[in-house]
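A short write-up of the structure that comes next.
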Amino acid sequence: MDTEAKLRDYLKRATADLRQARRDLVDVQEKAAEPIAIIGMACRYPGGVRTPGQLWDLLDSGRDAITGFPQDRGWAVEEGDFAQEGGFLDEAGAFDPAVFGISPREALAMDPQQRLLLECAWETFERAGLDPLGVKGSRTGVFAGVMYHDYAAQLTTLPDGVEGYLATGTSGSIISGRVAYTFGLEGPALTIDTACSSSLVALHLAVQSLRRGECAMALAGGVTVMAGPSTFVEFARQGGLAADGRCKPFAAAADGTGWAEGAGLLLVERLSDALRLGHPVLAVVRGSAVNQDGASNGLTAPNGPSQQRVVLDALADARLTPAQVDAVEAHGTGTTLGDPIEAQALLATYGQDREGAPLRLGSLKSNLGHTQAAAGVGGIIKMVEAMRRGVLPKTLHVDEPSPHIDWSSGALELLTSAQPWPQAGDTPRRAAVSSFGFSGTNAHVVLEQAPAEAVAPAGTTPVVPLPLAGADEAGLRAQAAVVRDHLDTAGVSLADVGATLVGRAALPVRAVAWDAEGLEAVAAGLGQIAGSPLGSSDVVFVYPGQGGQWLGMAVGLLGSRAFVERLRECDAALLPLTGFSVEAVLRGGDDWLARVEVVQPVLWAVGVALTAWWESFGVVP
């Protein structure tokens, strides 16, 4: 080969290598910014809130969840110059340890924050359509925000034998570790304490871990239960506690924060995986960022420039401009120092160069109080629900906008009343959530409305089973009642409820309903099936031959994608042999019921398609 030919060959190979390097670089960049899907949520908040739907009901009705100090904790606080009110969790000490394989003695030594996080983890998996007992061995991470570690100090007397569990029961590191251990999760497990920004920092770390491939799914959130009243006493001494215990975000009447408790968890995974696996996508995390105030104007004081930077960093991670975000769920604690600094940072970033509607601003703390390590995740749940419903709820306790904020310096509107949140054409709704810890650690997350969901063919309603299971008969009846009430209040379809229930744990006492009346029957104690759940290797399908046909057979299943796709595969195989379409026969009249040459192929095809239908619900691996 002459020199010129060698040079051409070298240049061709070099060009090919360069193109491949560019493709690899683009792939790395895309993975580093891949959207993250929120596929499940669970929570506990003041006002009796036990589900995301109940949280939305509280917000939609404009309720205030602040109450007096709990009477079941032995809190002894002398009358002082502050209101003994806040946002508290009902039955914070209630727990069913047997479900999690925990003995009653060990449960007594466990910080209620551990117990609540276990319950929320179970529910989060179920709400994503996943069996909590079926994720063992998965590369699922746990990122838990916690800032209180004082449960052990409140324990004065304990039953004999409990002392040996105190180390694991009250350790902060065990809060995330116990969730991983209980469910057999083998991704990263971290407990994060950046004070009030803990749960949003936890979500940021979960997003980064997913993008780096450290885990396939992740639980992210936070929990706060105050074992004693010391936080109220200390903040009142510093003059930072609201006189009536209520947060008044960005209001002229703002006079301090109000403390509260809560717990919230999200189950997140890469959007591409969620779509591939058919998991529900409630919303999408487009970007997030975390930074620090550094040596600013005080150890615990907020810093405006740092808040502006974390906003811009999160937008850069999301590959969006400020004008593309519709609303911000603010940190908004109602303090005279913090609120004006936060508002000015938002005005300087989101409030500039907006040609359309102004940025809408609100704060969940006006309803619940400041739930501290659970505040950020509560804001995420609020905005996910708001995006799904197309409404921005109002912020309470605002007499008038704060005069300490220059509202004219940008396009920003405080949500003093509920506002519709229309979608502009194909552009999805977008919102951001802020959390700032008095540690100086700031976090900001940008959310986007979920992609359009697939719908059933017009005029058809897919038939789905409603499987129910409990550890005992009382648990089974209670679950049936909850599902029945959910159908009434949440406006969801039987198909959606069935798709979620199928993924739940197959506990020993079980029943199956097909409609609301069946749920009522199970709730009344009828139809329980006791026994150990079958393993997948024990599943057998048996279908009848001639004589099993009837008019309208399988018509109710023609709205199921899994059933129809397999039926059409059978049709394609049979058509050259039979000369007719099985699907057309099922949708037609009754003239085929006595024709053996038609009945036999139809029964075979329906049996095969019915097996595929059950497979789509996870009955067969």
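Note on naming: chains are A, B, ... as they come in the structure tokens, residues start from 1 per chain, ligands start from 1 in the order shown.
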
Which residues are close to stretch 178-186 of chain A, i.e. within 7 Å by only C-alpha atoms, leaving aside same-chain residues fewer than 6 positions away? Reply as a list of chain:residue names. A:Phe100, A:Leu118, A:Pro132, A:Leu133, A:Val135, A:Lys136, A:Gly137, A:Ser138, A:Arg139, A:Thr140, A:Gly141, A:Val142

What does the file look like for those residues with N, CA, C and O atoms, as a PDB file, in the first residue's frame?
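Saved file result.pdb follows:
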ATOM      1  N   PHE A 100     -43.549  -6.136  59.771  1.00  0.00           N
ATOM      2  CA  PHE A 100     -42.165  -5.891  59.374  1.00  0.00           C
ATOM      3  C   PHE A 100     -41.183  -6.874  60.011  1.00  0.00           C
ATOM      4  O   PHE A 100     -39.969  -6.695  59.907  1.00  0.00           O
ATOM      5  N   LEU A 118     -40.759   3.185  57.891  1.00  0.00           N
ATOM      6  CA  LEU A 118     -41.064   1.825  57.433  1.00  0.00           C
ATOM      7  C   LEU A 118     -42.472   1.761  56.835  1.00  0.00           C
ATOM      8  O   LEU A 118     -42.693   1.182  55.762  1.00  0.00           O
ATOM      9  N   PRO A 132     -44.143  -4.863  48.114  1.00  0.00           N
ATOM     10  CA  PRO A 132     -43.072  -4.540  49.060  1.00  0.00           C
ATOM     11  C   PRO A 132     -42.225  -5.750  49.441  1.00  0.00           C
ATOM     12  O   PRO A 132     -41.044  -5.588  49.783  1.00  0.00           O
ATOM     13  N   LEU A 133     -42.822  -6.944  49.383  1.00  0.00           N
ATOM     14  CA  LEU A 133     -42.073  -8.153  49.716  1.00  0.00           C
ATOM     15  C   LEU A 133     -41.337  -8.723  48.498  1.00  0.00           C
ATOM     16  O   LEU A 133     -40.609  -9.698  48.626  1.00  0.00           O
ATOM     17  N   VAL A 135     -39.316  -6.763  46.406  1.00  0.00           N
ATOM     18  CA  VAL A 135     -38.183  -5.927  45.976  1.00  0.00           C
ATOM     19  C   VAL A 135     -36.878  -6.373  46.629  1.00  0.00           C
ATOM     20  O   VAL A 135     -35.837  -5.739  46.425  1.00  0.00           O
ATOM     21  N   LYS A 136     -36.928  -7.454  47.387  1.00  0.00           N
ATOM     22  CA  LYS A 136     -35.720  -7.955  48.056  1.00  0.00           C
ATOM     23  C   LYS A 136     -34.634  -8.280  47.029  1.00  0.00           C
ATOM     24  O   LYS A 136     -34.881  -8.906  46.012  1.00  0.00           O
ATOM     25  N   GLY A 137     -33.414  -7.810  47.318  1.00  0.00           N
ATOM     26  CA  GLY A 137     -32.292  -8.044  46.420  1.00  0.00           C
ATOM     27  C   GLY A 137     -32.175  -7.045  45.296  1.00  0.00           C
ATOM     28  O   GLY A 137     -31.227  -7.108  44.502  1.00  0.00           O
ATOM     29  N   SER A 138     -33.123  -6.094  45.207  1.00  0.00           N
ATOM     30  CA  SER A 138     -33.077  -5.105  44.127  1.00  0.00           C
ATOM     31  C   SER A 138     -32.070  -4.002  44.449  1.00  0.00           C
ATOM     32  O   SER A 138     -31.754  -3.730  45.607  1.00  0.00           O
ATOM     33  N   ARG A 139     -31.584  -3.343  43.406  1.00  0.00           N
ATOM     34  CA  ARG A 139     -30.640  -2.233  43.576  1.00  0.00           C
ATOM     35  C   ARG A 139     -31.434  -0.948  43.808  1.00  0.00           C
ATOM     36  O   ARG A 139     -31.430  -0.020  43.020  1.00  0.00           O
ATOM     37  N   THR A 140     -32.134  -0.942  44.938  1.00  0.00           N
ATOM     38  CA  THR A 140     -32.947   0.208  45.331  1.00  0.00           C
ATOM     39  C   THR A 140     -32.237   0.954  46.452  1.00  0.00           C
ATOM     40  O   THR A 140     -31.829   0.345  47.442  1.00  0.00           O
ATOM     41  N   GLY A 141     -32.106   2.258  46.304  1.00  0.00           N
ATOM     42  CA  GLY A 141     -31.450   3.076  47.321  1.00  0.00           C
ATOM     43  C   GLY A 141     -32.440   3.629  48.326  1.00  0.00           C
ATOM     44  O   GLY A 141     -33.653   3.674  48.087  1.00  0.00           O
ATOM     45  N   VAL A 142     -31.924   4.072  49.465  1.00  0.00           N
ATOM     46  CA  VAL A 142     -32.724   4.711  50.505  1.00  0.00           C
ATOM     47  C   VAL A 142     -32.008   5.991  50.914  1.00  0.00           C
ATOM     48  O   VAL A 142     -30.867   5.949  51.378  1.00  0.00           O
TER      49      VAL A 142
END

Residues at most 10 Å from A:Tyr543, counting only C-alpha atoms, excluding those fewer than 3 positions away in the same chain, as a PyMOL selection string? chain A and resi 548+603-604+606-608+610-611

What would the file look like if the residues just selected were written as a short mmCIF file (atom, residue, chain, number, x, y, z; two decimals), in the first residue's frame with N, CA and C atoms?
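And here is the file that came out, part_20.cif:
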data_model
loop_
_atom_site.label_atom_id
_atom_site.label_comp_id
_atom_site.auth_asym_id
_atom_site.auth_seq_id
_atom_site.Cartn_x
_atom_site.Cartn_y
_atom_site.Cartn_z
N GLY A 548 -67.62 -24.51 26.85
CA GLY A 548 -67.32 -23.41 27.75
C GLY A 548 -67.63 -22.05 27.15
N LEU A 603 -62.11 -20.69 21.49
CA LEU A 603 -61.81 -21.04 22.88
C LEU A 603 -60.30 -21.13 23.11
N TRP A 604 -59.58 -21.70 22.14
CA TRP A 604 -58.12 -21.79 22.29
C TRP A 604 -57.49 -20.40 22.35
N VAL A 606 -58.89 -17.51 23.11
CA VAL A 606 -59.28 -16.79 24.33
C VAL A 606 -58.47 -17.29 25.52
N GLY A 607 -58.25 -18.61 25.61
CA GLY A 607 -57.44 -19.14 26.71
C GLY A 607 -56.02 -18.62 26.70
N VAL A 608 -55.40 -18.59 25.53
CA VAL A 608 -54.03 -18.08 25.41
C VAL A 608 -53.98 -16.59 25.77
N LEU A 610 -56.12 -14.93 27.61
CA LEU A 610 -56.45 -14.75 29.02
C LEU A 610 -55.21 -15.00 29.89
N THR A 611 -54.39 -15.96 29.50
CA THR A 611 -53.14 -16.19 30.23
C THR A 611 -52.23 -14.97 30.14
#

When DSSP is applied to the backbone of this structure, which of stretch 97-308 of chain A are assigned strand (DSSP E or B)? Write them out as a ChimeraX atom specification. /A:140-145,189-192,194,196,217-224,241,251,257,259-260,262-270,283-292

Residue contacts of A:Val281 (6 Å, only C-alpha atoms) excluding same-chain residues fewer than 2 positions away, as a ChimeraX atom specification: /A:37-39,283,450

Residue selection dump (C-alpha atoms) as a short mmCIF file (atom, residue, chain, number, x, y, z; two decimals), in the first residue's frame:
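Final file, out.cif:
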data_model
loop_
_atom_site.label_atom_id
_atom_site.label_comp_id
_atom_site.auth_asym_id
_atom_site.auth_seq_id
_atom_site.Cartn_x
_atom_site.Cartn_y
_atom_site.Cartn_z
CA ALA A 37 -39.80 9.77 37.30
CA ILE A 38 -41.70 9.89 40.58
CA ILE A 39 -43.61 6.59 40.50
CA ALA A 283 -44.41 13.64 37.74
CA ALA A 450 -45.90 13.60 33.75
#

Selected residue of minimal separation from A:His279 among A:Thr395, A:Asp496, A:Ala243, A:Thr371, counting only C-alpha atoms: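 Checking each of A:Thr395, A:Asp496, A:Ala243, A:Thr371 against A:His279, counting only C-alpha atoms, the winner is A:Asp496.
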
Applying 6 Å and only C-alpha atoms, which residues near stretch 40-47 of chain A remain after dropping the ones on its own chain fewer than 6 positions away? List them as a list in words.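 Here the answer would be Ala65, Gly87, Phe88, Leu89, Cys120, Glu123, Thr124, Arg127, Ala128, Gly262, Ala263, Gly264, Leu265, Leu266 and Leu267 of chain A.
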
Distance criterion (only C-alpha atoms): nearest to A:Ser176 out of A:Arg115, A:Lys248, A:Arg561, A:Arg504: A:Arg115
